[in-house]
Amino acid sequence: MGSTSAENRDAQGVGRRDLIKRSAALGLVTVPTMSFLAACASGGGDDSSGGDADKGTASKTNPFGAKKGSKLDVVVFKGGYGDDYAKAWEASFKKSNGITSTHTGTQEITGKLQPRFNAGNPPDIVDDSGAQQIKIDVLYKNGQLLDLAAVLDAPSVDDPSKKVRDTLIAGTLDPGVQEGKVVALNYIYTVWGLWYSGKLFKEKGWTAPKTWDDFLAVCQQAKKAGIGGLAHQGKYPYYINVAIMDLIAKKGGIDAVKAIDNLDSKAFVGSDAAQAGVEAIYEVVEKGLLMSGTNGLTHIESQTRWNQYQAAFITCGSWLENEQLKQTPADFEMTFLPMPLLDGSKMPFEAIRAGSGEPFIIPAKAGNLPGAKEFMRRMLSKEWSTSFAKEANSLTILKDGVDASVKLRPGTQSTVEASKAAGDNTFRYLYPDWYSEMDTSIQNASNELMAKRIQPKEWLKRCQAAVDKQAKDPASKKNRHE
Amino acid sequence: MRTGQHRFVAGFLLVPVALYLIFVIWPYIQTFGYSLTDWKGQSQTFKFVGLDNYKALIHDDVFMEAIWHNILFLIFIPVITILLALFFAFMVNAGGRSKAGGVQGVAGSKFYKIVYFFPQVLSLAIVAVLFNAVYRSDGGGLLNGVLIKIHLVDPNNPVEWLNEPNMVLWALLAAVVWHGVGFYLVLFSAAMQSIPRDVYEAALIDGASRNQSFFRITLPLLWDTVQTAWVYLGIVAMDMFVLVSSMTQNMGAYGGGPDHHSDVMSTVMMRNFEYFGKSGYACAMGVVMLLLTLVLSVVMLRATRRDRVEF
């Protein structure tokens with residue numbers, strides 16, 4: 001299971017956040033050329049390791065010896081999910097452990113934290129997400145991340161006889177793995193695929209398609225009805241890759257996923273699954289079944305058009321509902337749909353890309369390591385997971401982690417059902433977390449494909465070239481999707 | 001007395017010079033240092049790699065293409081902005097029909113001056129938002145909306161202005177020019193107003209047309225101001241970060257699409273610096289940008305040097 005960069009950013013419901021951030025934040029950078037140089041420079045800093053100065057006595061209920069009266073420096077990405085959930089946690093942490101938190105909710109993770117990492121005085125726990133997240137692979141390579149094994153092997157808050165690790169949904173730790181170590185806790189449980197409006201489908205008498213042919217048929221009917229078949233968030237080609245890569249995974253099975261993650265020399269060129277997947281998407285383009293203008297729209301523009309019934313389907317992850325809360329009509333019935341199947345697919349229709357996003361990290365040089373570890377352990381309790389679901393309207397990676405009293409919205413509810421139906425049939429790409437540059441090249445190729453400037457054959461060639469280039473980097477030998 | 005004066009001057013200069021050294025010169029030197037390392041951006045551990053980053057830079061097609069885009073901007077942004085600003089400034093100051101009273105602007109010139117200046121008070125971020133709405137790729141965009149209304153564009157295939165390799169740079173250019181013309185119009189107007197009226201009047205009496213009085217009188221007397229404008233606009237052209245990163249198709253981060261057709265040096269640099277974690281490499285790009293900017297400023301000042309006319 002893997003997450004992609006945009007997904008990390010989006011997994012938090014980044015939508016609105018992205019738009020505002022991308023325009024507004026960029027405005028802050030209105031500097032003439034030369035000040036970029038200054039951006040490169042940093043102050044000096046020492047490389048001393050993290051502090052245990054705040055260590056108290058360890059006990060069964062306090063396995064790390066978090067010290068009462070100590071301070072915890074919490075930095076949370078304040079995007080589509082807001083930061084109220086974190087404030088609720090911090091209040092609860094003060095009650096249970098007597099530790100006061102300094103709370104920072106921000107969109108400028110890089111701007112605020114890069115100098116602190118470089119100077120050796122990072123915060124204690126960080127929700128490192130959003131468009132301005134510091135990439136996890138980058139932080140890891142700089143030796144800034146704590147191996148989270150200690151937290152994961154500690155007793156769970158809800159059931160001390162179990163390790164925290166065993167209370168989580170299978171596979172959700174994977175995207176936080178770098179070179180075999182879990183260094184980021186991807187806290188939100190996310191599924192990816194297609195979405196449609198239950199209301200629109202009922203009105204038009206369409207049924208949710210299970211095969212690619214049925215999908216194309218619905219798109220054709222949509223076209224006849226004067227709207228688009230498939231919408232995607234073209235300005236960020238990350239999104240159309242959700243569809244393309246899902247088709248490839250389901251057609252070729254988990255081997256096709258691993259071939260790409262493990263930089264196989266036949267990951268794209270010479271892979272029947274890859275060819276079938278990209279040709280299927282190209283058929284949508286060629287037959288004019290895309291929503292008009294969708295290639296150039298931002299995610300918010302595109303998703304809002306879809307909310308206005310201008311397209312039958314859109315590709316996205318399960319943050320979509322939260323992101324579109326304000327734009328979604330009350331009777332829209334947002335519904336999740338696993339990617340329809342191509343002929344001869346190795347995975348069943350129910351199979352979905354599923355996994356976790358919104359990486360929380362503990363800096364290796366954090367001042368209050370015991371406090372940070374205890375905080376993270378409590379994040380994985382039913383109490384905190386429920387308060388997250390309440391404040392942020394999303395599921396966490398804790399198994400059965402939402403109290404029955406919380407009523408979910410229709411879209412989120414449909415993802416719960418889809419996850420149940422999928423069972424163990426979930427997959428996830430890891431390459432976007434490992435190889436930002438290769439991911440970018442593949443996204444770039446997809447953007448050209450959707451604009452009909454290249455054909456599927458050229459797309460495969462470009463993607464394979466990106467894979468081959470990455471494989472030449474000796475550092476890539478250390479990552480392996482088993 | 002002399003030493004006292006020196007001390008007095010030095011006392012005033014000490015603080016600004018120190019600030020300049022610490023916050024401008026020292027970061028440049030540091031950047032150059034980092035450009036010789038494999039620094040990954042988030043810690044102070046790195047290896048010295050000599051000139052490897054610079055060698056890699058020469059083979060980086062994306063960066064090389066980005067330099068060409070900057071050069072393209074460097075040619076067209078100043079030329080178009082200055083020509084338009086000069087034209088408008090001449091019209092609002094001296095372009096009106098001559099009456100017995102002498103030289104004046106076209107009717108309503110005061111009003112125009114204010115209107116032209118409006119875009120300048122907007123921050124670039126807002127300009128980006130505005131032009132995103134103008135260039136929006138479906139019928140909701142201003143351009144597409146109008147073109148669809150007058151049946152020049154098929155509503156099912158609207159023009160994706162910012163997703164067309166051959167159009168995206170010109171679309172950005174239009175936004176920059178729109179934003180800049182007003183300021184230079186005011187700048188040139190101020191300079192024009194300092195040109196003595198009797199010079200124009202003398203020309204009028206000698207039977208000079210509008211064109212003649214513009215090319216023979218206004219332009220030569222404005223040359224200093226034009227030169228300054230050229231340098232400022234050159235710096236704008238070497239930057240372009242805000243508009244590219246917030247308007248164009250996303251290439252991982254900081255815009256630059258489609259297929260790097262709108263990437264400029266600053267966006268490629270920031271993408272490498274933050275998103276790919278190749279910070280040492282990005283610093284090498286920064287140093288190249290600095291050198292190019294310096295060389296261009298010097299060339300520009302030399303090339304536009306003229307004898308100064310006293311009046």
# chains A, B, ... in the order shown; residues from 1 in each chain; ligands from 1
$ select_by_dssp --residues "region 111-293 of chain A" --states "helix (DSSP H, G or I)" --output "PyMOL selection string"
chain A and resi 111-119+136-141+149-152+164-167+174-176+198-204+212-224+238-252+254-261+272-286
$ residues_around --residues "region 274-284 of chain A" --least-positions-apart "5" --cutoff "6 Å" --atoms "only C-alpha atoms" --output "MDAnalysis selection string"
chainID A and resid 244 247:248 268 289 456
$ residues_around --residues "region 145-156 of chain B" --least-positions-apart "6" --cutoff "10 Å" --atoms "only C-alpha atoms" --output "VMD selection string"
(chain A and resid 226 to 228 288 to 293) or (chain B and resid 134 to 139)
$ closest_residue --among "B:Val106, B:Val62, B:Ile195, B:Met289" --to "chain A" --atoms "only C-alpha atoms"
B:Met289
$ atom_distance --atom1 "CA of Ser302 (chain A)" --atom2 "CA of Gly234 (chain A)"
8.0 Å
$ closest_atom_pairs --of "chain B" --to "chain A" --cutoff "7 Å" --atoms "only C-alpha atoms" --output "tab-separated table"
residue	atom	partner	partner_atom	distance
B:Pro27	CA	A:Ala38	CA	5.2
B:Tyr28	CA	A:Leu37	CA	6.3
B:Gln30	CA	A:Ala41	CA	5.7
B:Thr31	CA	A:Ala41	CA	5.3
B:Lys40	CA	A:Asn142	CA	6.5
B:Gln42	CA	A:Asn118	CA	5.6
B:Ser43	CA	A:Asn118	CA	4.6
B:Gln44	CA	A:Asn118	CA	6.0
B:Leu124	CA	A:Gly27	CA	6.2
B:Ala125	CA	A:Gly27	CA	4.3
B:Val129	CA	A:Ser23	CA	6.9
B:Arg136	CA	A:Leu297	CA	6.9
B:Ser137	CA	A:Gly293	CA	4.8
B:Asp138	CA	A:Gly293	CA	4.2
B:Asn156	CA	A:Ser292	CA	5.3
B:Asn157	CA	A:Ser292	CA	6.1
B:Pro158	CA	A:Gly293	CA	5.9
B:Glu160	CA	A:Gly296	CA	5.9
B:Asn163	CA	A:Gly296	CA	6.1
B:Ile235	CA	A:Pro32	CA	6.5
B:Val236	CA	A:Pro32	CA	6.7
B:Met238	CA	A:Thr33	CA	6.2
B:Asp239	CA	A:Thr33	CA	4.8
B:Val242	CA	A:Leu26	CA	5.8
B:Ser246	CA	A:Ser23	CA	5.7
B:Gln249	CA	A:Lys235	CA	4.7
B:Asn250	CA	A:Tyr236	CA	5.2
B:Met251	CA	A:Thr440	CA	6.0
B:Gly252	CA	A:Thr440	CA	4.8
B:Asp259	CA	A:Asn444	CA	5.8
B:Tyr275	CA	A:Lys135	CA	6.6
B:Phe276	CA	A:Ser436	CA	6.0
B:Gly277	CA	A:Val138	CA	5.3
B:Cys283	CA	A:Cys40	CA	6.0
B:Gly286	CA	A:Leu37	CA	5.3
B:Leu290	CA	A:Met34	CA	6.2
$ closest_atom_pairs --of "region 338-388 of chain A" --to "region 316-320 of chain A" --cutoff "10 Å" --atoms "only C-alpha atoms" --output "CSV"
residue,atom,partner,partner_atom,distance
A:Arg353,CA,A:Gly317,CA,9.1
A:Ala354,CA,A:Gly317,CA,9.0
A:Gly357,CA,A:Trp319,CA,9.9
$ residues_around --residues "Pro209 (chain A)" --least-positions-apart "2" --cutoff "10 Å" --atoms "only C-alpha atoms" --output "PyMOL selection string"
chain A and resi 206-207+211-218+337-341+349
$ write_last_selection --atoms "N, CA and C atoms" --output "compact mmCIF listing (two decimals), in the first residue's frame"
# COMPACT_ATOMS: atom_id res chain seq x y z
N TRP A 206 -29.40 5.39 -14.08
CA TRP A 206 -28.13 4.69 -14.33
C TRP A 206 -27.83 3.77 -13.15
N THR A 207 -27.09 2.71 -13.42
CA THR A 207 -26.62 1.89 -12.31
C THR A 207 -25.11 2.00 -12.22
N THR A 211 -18.01 -3.07 -14.61
CA THR A 211 -16.97 -3.34 -15.61
C THR A 211 -16.68 -2.06 -16.37
N TRP A 212 -15.54 -2.05 -17.04
CA TRP A 212 -15.12 -0.86 -17.77
C TRP A 212 -16.09 -0.55 -18.92
N ASP A 213 -16.63 -1.61 -19.57
CA ASP A 213 -17.59 -1.38 -20.65
C ASP A 213 -18.84 -0.69 -20.12
N ASP A 214 -19.32 -1.16 -18.96
CA ASP A 214 -20.49 -0.51 -18.37
C ASP A 214 -20.18 0.94 -18.00
N PHE A 215 -18.96 1.14 -17.52
CA PHE A 215 -18.53 2.50 -17.16
C PHE A 215 -18.59 3.42 -18.38
N LEU A 216 -18.04 2.91 -19.50
CA LEU A 216 -18.07 3.72 -20.72
C LEU A 216 -19.50 3.98 -21.18
N ALA A 217 -20.38 2.96 -20.98
CA ALA A 217 -21.78 3.11 -21.38
C ALA A 217 -22.44 4.23 -20.59
N VAL A 218 -22.18 4.27 -19.27
CA VAL A 218 -22.76 5.35 -18.45
C VAL A 218 -22.22 6.70 -18.92
N LEU A 337 -17.19 4.45 -5.41
CA LEU A 337 -17.26 3.29 -6.31
C LEU A 337 -15.85 2.78 -6.58
N PRO A 338 -15.59 1.48 -6.30
CA PRO A 338 -14.28 0.94 -6.66
C PRO A 338 -14.08 1.06 -8.18
N MET A 339 -12.85 1.15 -8.61
CA MET A 339 -12.57 1.30 -10.04
C MET A 339 -13.15 0.11 -10.80
N PRO A 340 -13.97 0.35 -11.85
CA PRO A 340 -14.56 -0.77 -12.61
C PRO A 340 -13.46 -1.63 -13.25
N LEU A 341 -13.82 -2.87 -13.55
CA LEU A 341 -12.83 -3.85 -13.99
C LEU A 341 -12.65 -3.90 -15.50
N PHE A 349 -13.75 -6.94 -8.52
CA PHE A 349 -14.27 -5.58 -8.60
C PHE A 349 -14.15 -4.85 -7.26
$ residues_around --residues "Lys47 (chain B)" --least-positions-apart "6" --cutoff "9 Å" --atoms "only C-alpha atoms" --output "PyMOL selection string"
chain B and resi 36-39
$ residues_around --residues "Tyr54 (chain B)" --least-positions-apart "4" --cutoff "12 Å" --atoms "only C-alpha atoms" --output "compact mmCIF listing (two decimals) with N, CA and C atoms, in the first residue's frame"
# COMPACT_ATOMS: atom_id res chain seq x y z
N PHE B 32 26.55 29.67 -2.00
CA PHE B 32 27.62 29.15 -2.83
C PHE B 32 28.28 27.95 -2.15
N TYR B 34 26.87 25.85 0.02
CA TYR B 34 25.97 24.69 -0.07
C TYR B 34 25.95 24.09 -1.47
N SER B 35 26.17 24.95 -2.49
CA SER B 35 26.07 24.45 -3.86
C SER B 35 27.20 23.47 -4.17
N LEU B 36 28.18 23.40 -3.30
CA LEU B 36 29.28 22.46 -3.51
C LEU B 36 29.07 21.18 -2.68
N THR B 37 27.86 21.01 -2.11
CA THR B 37 27.61 19.85 -1.25
C THR B 37 26.40 19.07 -1.75
N ASP B 38 26.16 17.92 -1.13
CA ASP B 38 24.95 17.15 -1.46
C ASP B 38 23.89 17.39 -0.38
N VAL B 49 30.92 17.83 -2.50
CA VAL B 49 30.95 17.09 -3.76
C VAL B 49 31.63 17.89 -4.88
N GLY B 50 32.28 18.97 -4.51
CA GLY B 50 32.97 19.76 -5.53
C GLY B 50 32.00 20.37 -6.52
N ILE B 58 24.33 21.23 -16.20
CA ILE B 58 24.47 21.40 -17.64
C ILE B 58 23.65 20.35 -18.39
N HIS B 59 23.49 19.17 -17.77
CA HIS B 59 22.76 18.10 -18.45
C HIS B 59 21.30 18.03 -18.02
N ASP B 60 20.87 19.01 -17.24
CA ASP B 60 19.49 19.01 -16.76
C ASP B 60 18.61 19.73 -17.79
N PHE B 63 16.09 22.35 -16.49
CA PHE B 63 16.65 23.64 -16.08
C PHE B 63 17.09 24.46 -17.29
N GLY B 280 21.28 20.97 -2.20
CA GLY B 280 22.59 21.42 -2.64
C GLY B 280 22.55 21.73 -4.13
N TYR B 281 21.92 20.85 -4.87
CA TYR B 281 21.75 21.01 -6.31
C TYR B 281 20.98 22.29 -6.61
N ALA B 282 19.92 22.52 -5.82
CA ALA B 282 19.11 23.73 -6.02
C ALA B 282 19.94 24.97 -5.74
N CYS B 283 20.82 24.90 -4.76
CA CYS B 283 21.67 26.06 -4.46
C CYS B 283 22.58 26.37 -5.65
N ALA B 284 23.04 25.32 -6.34
CA ALA B 284 23.84 25.55 -7.54
C ALA B 284 23.00 26.31 -8.57
N MET B 285 21.72 25.95 -8.69
CA MET B 285 20.83 26.69 -9.59
C MET B 285 20.74 28.15 -9.14
N GLY B 286 20.64 28.35 -7.83
CA GLY B 286 20.55 29.70 -7.30
C GLY B 286 21.76 30.54 -7.69
N VAL B 287 22.93 29.92 -7.59
CA VAL B 287 24.16 30.64 -7.93
C VAL B 287 24.15 31.00 -9.42
N VAL B 288 23.72 30.05 -10.26
CA VAL B 288 23.65 30.33 -11.69
C VAL B 288 22.68 31.48 -11.96
$ residues_around --residues "region 91-93 of chain B" --least-positions-apart "2" --cutoff "8 Å" --atoms "only C-alpha atoms" --output "number ranges by chain"
B: 87-89, 95-96, 104-106, 109-110, 112-113, 189, 192-193
$ write_last_selection --atoms "N, CA and C atoms" --output "CSV table (one decimal), in the first residue's frame"
chain,number,residue,atom,x,y,z
B,87,PHE,N,3.6,54.6,-25.0
B,87,PHE,CA,2.5,55.1,-25.8
B,87,PHE,C,1.4,55.7,-25.0
B,88,PHE,N,1.0,55.0,-23.9
B,88,PHE,CA,-0.1,55.5,-23.1
B,88,PHE,C,0.3,56.8,-22.4
B,89,ALA,N,1.6,56.8,-21.9
B,89,ALA,CA,2.0,58.0,-21.2
B,89,ALA,C,2.1,59.2,-22.2
B,95,GLY,N,-0.4,63.8,-26.1
B,95,GLY,CA,-1.0,63.3,-27.3
B,95,GLY,C,-2.3,64.0,-27.8
B,96,GLY,N,-2.8,64.9,-27.0
B,96,GLY,CA,-4.1,65.5,-27.3
B,96,GLY,C,-4.0,66.5,-28.5
B,104,GLN,N,-1.1,69.2,-24.6
B,104,GLN,CA,-1.9,68.6,-23.5
B,104,GLN,C,-2.2,67.1,-23.8
B,105,GLY,N,-2.7,66.4,-22.8
B,105,GLY,CA,-3.1,65.0,-23.1
B,105,GLY,C,-4.4,64.8,-23.7
B,106,VAL,N,-4.8,63.6,-24.1
B,106,VAL,CA,-6.1,63.3,-24.7
B,106,VAL,C,-7.2,63.6,-23.7
B,109,SER,N,-7.6,62.4,-19.7
B,109,SER,CA,-6.3,61.8,-19.4
B,109,SER,C,-6.1,61.5,-17.9
B,110,LYS,N,-6.7,62.4,-17.1
B,110,LYS,CA,-6.5,62.2,-15.7
B,110,LYS,C,-7.2,61.0,-15.2
B,112,TYR,N,-7.8,58.3,-17.1
B,112,TYR,CA,-7.1,57.2,-17.6
B,112,TYR,C,-5.9,56.9,-16.7
B,113,LYS,N,-5.2,57.9,-16.3
B,113,LYS,CA,-4.0,57.7,-15.5
B,113,LYS,C,-4.3,56.9,-14.2
B,189,SER,N,5.1,59.3,-17.2
B,189,SER,CA,4.4,60.5,-17.1
B,189,SER,C,5.1,61.5,-16.3
B,192,MET,N,7.9,62.8,-18.2
B,192,MET,CA,7.5,63.6,-19.3
B,192,MET,C,7.1,65.0,-18.9
B,193,GLN,N,6.5,65.0,-17.7
B,193,GLN,CA,6.1,66.3,-17.2
B,193,GLN,C,7.3,67.2,-16.9
$ select_by_dssp --residues "region 295-407 of chain A" --states "strand (DSSP E or B)" --output "number ranges by chain"
A: 311-317, 334-337, 341, 352-361, 363, 396, 398
$ write_last_selection --atoms "N, CA and C atoms" --output "PDB file, in the first residue's frame"
ATOM      1  N   ALA A 311     -20.836  16.213 -14.275  1.00  0.00           N
ATOM      2  CA  ALA A 311     -20.152  14.999 -14.713  1.00  0.00           C
ATOM      3  C   ALA A 311     -20.686  13.833 -13.901  1.00  0.00           C
ATOM      4  N   ALA A 312     -20.643  12.632 -14.499  1.00  0.00           N
ATOM      5  CA  ALA A 312     -21.150  11.458 -13.802  1.00  0.00           C
ATOM      6  C   ALA A 312     -20.167  10.997 -12.729  1.00  0.00           C
ATOM      7  N   PHE A 313     -18.875  10.930 -13.079  1.00  0.00           N
ATOM      8  CA  PHE A 313     -17.878  10.395 -12.150  1.00  0.00           C
ATOM      9  C   PHE A 313     -16.750  11.395 -11.920  1.00  0.00           C
ATOM     10  N   ILE A 314     -16.071  11.202 -10.789  1.00  0.00           N
ATOM     11  CA  ILE A 314     -14.824  11.929 -10.560  1.00  0.00           C
ATOM     12  C   ILE A 314     -13.884  10.979  -9.819  1.00  0.00           C
ATOM     13  N   THR A 315     -12.578  11.150 -10.031  1.00  0.00           N
ATOM     14  CA  THR A 315     -11.624  10.307  -9.300  1.00  0.00           C
ATOM     15  C   THR A 315     -11.142  11.079  -8.083  1.00  0.00           C
ATOM     16  N   CYS A 316     -11.031  10.390  -6.970  1.00  0.00           N
ATOM     17  CA  CYS A 316     -10.542  11.067  -5.762  1.00  0.00           C
ATOM     18  C   CYS A 316     -10.356  10.065  -4.629  1.00  0.00           C
ATOM     19  N   GLY A 317      -9.759  10.537  -3.550  1.00  0.00           N
ATOM     20  CA  GLY A 317      -9.670   9.754  -2.327  1.00  0.00           C
ATOM     21  C   GLY A 317     -10.786  10.160  -1.383  1.00  0.00           C
ATOM     22  N   MET A 334     -23.425  11.502  -2.023  1.00  0.00           N
ATOM     23  CA  MET A 334     -22.074  11.186  -2.497  1.00  0.00           C
ATOM     24  C   MET A 334     -21.768   9.720  -2.220  1.00  0.00           C
ATOM     25  N   THR A 335     -21.342   9.011  -3.261  1.00  0.00           N
ATOM     26  CA  THR A 335     -21.117   7.571  -3.096  1.00  0.00           C
ATOM     27  C   THR A 335     -19.792   7.152  -3.713  1.00  0.00           C
ATOM     28  N   PHE A 336     -19.106   6.276  -3.016  1.00  0.00           N
ATOM     29  CA  PHE A 336     -17.820   5.766  -3.481  1.00  0.00           C
ATOM     30  C   PHE A 336     -18.025   4.559  -4.388  1.00  0.00           C
ATOM     31  N   LEU A 337     -17.186   4.447  -5.411  1.00  0.00           N
ATOM     32  CA  LEU A 337     -17.258   3.291  -6.312  1.00  0.00           C
ATOM     33  C   LEU A 337     -15.848   2.776  -6.584  1.00  0.00           C
ATOM     34  N   LEU A 341     -13.820  -2.872 -13.551  1.00  0.00           N
ATOM     35  CA  LEU A 341     -12.825  -3.853 -13.993  1.00  0.00           C
ATOM     36  C   LEU A 341     -12.654  -3.904 -15.498  1.00  0.00           C
ATOM     37  N   ILE A 352      -9.859  -2.375  -3.670  1.00  0.00           N
ATOM     38  CA  ILE A 352      -9.673  -0.921  -3.687  1.00  0.00           C
ATOM     39  C   ILE A 352      -8.273  -0.541  -3.247  1.00  0.00           C
ATOM     40  N   ARG A 353      -7.866   0.615  -3.713  1.00  0.00           N
ATOM     41  CA  ARG A 353      -6.656   1.194  -3.176  1.00  0.00           C
ATOM     42  C   ARG A 353      -7.027   1.771  -1.808  1.00  0.00           C
ATOM     43  N   ALA A 354      -6.382   1.310  -0.792  1.00  0.00           N
ATOM     44  CA  ALA A 354      -6.724   1.773   0.545  1.00  0.00           C
ATOM     45  C   ALA A 354      -5.449   1.967   1.330  1.00  0.00           C
ATOM     46  N   GLY A 355      -5.509   2.843   2.269  1.00  0.00           N
ATOM     47  CA  GLY A 355      -4.325   3.058   3.080  1.00  0.00           C
ATOM     48  C   GLY A 355      -4.480   4.282   3.928  1.00  0.00           C
ATOM     49  N   SER A 356      -3.361   4.825   4.283  1.00  0.00           N
ATOM     50  CA  SER A 356      -3.410   5.872   5.279  1.00  0.00           C
ATOM     51  C   SER A 356      -2.690   7.099   4.768  1.00  0.00           C
ATOM     52  N   GLY A 357      -3.108   8.240   5.271  1.00  0.00           N
ATOM     53  CA  GLY A 357      -2.473   9.499   4.891  1.00  0.00           C
ATOM     54  C   GLY A 357      -2.331  10.385   6.105  1.00  0.00           C
ATOM     55  N   GLU A 358      -1.915  11.619   5.907  1.00  0.00           N
ATOM     56  CA  GLU A 358      -1.678  12.581   7.000  1.00  0.00           C
ATOM     57  C   GLU A 358      -0.617  12.056   7.963  1.00  0.00           C
ATOM     58  N   PRO A 359       0.641  12.141   7.537  1.00  0.00           N
ATOM     59  CA  PRO A 359       1.728  11.603   8.365  1.00  0.00           C
ATOM     60  C   PRO A 359       2.022  12.449   9.604  1.00  0.00           C
ATOM     61  N   PHE A 360       1.981  11.808  10.755  1.00  0.00           N
ATOM     62  CA  PHE A 360       2.442  12.432  11.997  1.00  0.00           C
ATOM     63  C   PHE A 360       3.848  11.909  12.277  1.00  0.00           C
ATOM     64  N   ILE A 361       4.734  12.807  12.650  1.00  0.00           N
ATOM     65  CA  ILE A 361       6.108  12.394  12.907  1.00  0.00           C
ATOM     66  C   ILE A 361       6.574  12.890  14.265  1.00  0.00           C
ATOM     67  N   PRO A 363      10.117  14.209  15.639  1.00  0.00           N
ATOM     68  CA  PRO A 363      11.507  14.489  15.267  1.00  0.00           C
ATOM     69  C   PRO A 363      12.482  13.789  16.209  1.00  0.00           C
ATOM     70  N   THR A 396      -9.933   6.931  11.188  1.00  0.00           N
ATOM     71  CA  THR A 396      -8.512   6.806  11.485  1.00  0.00           C
ATOM     72  C   THR A 396      -8.092   5.347  11.266  1.00  0.00           C
ATOM     73  N   LEU A 398      -7.156   3.310  13.359  1.00  0.00           N
ATOM     74  CA  LEU A 398      -7.460   2.421  14.478  1.00  0.00           C
ATOM     75  C   LEU A 398      -8.623   1.511  14.074  1.00  0.00           C
TER      76      LEU A 398
END
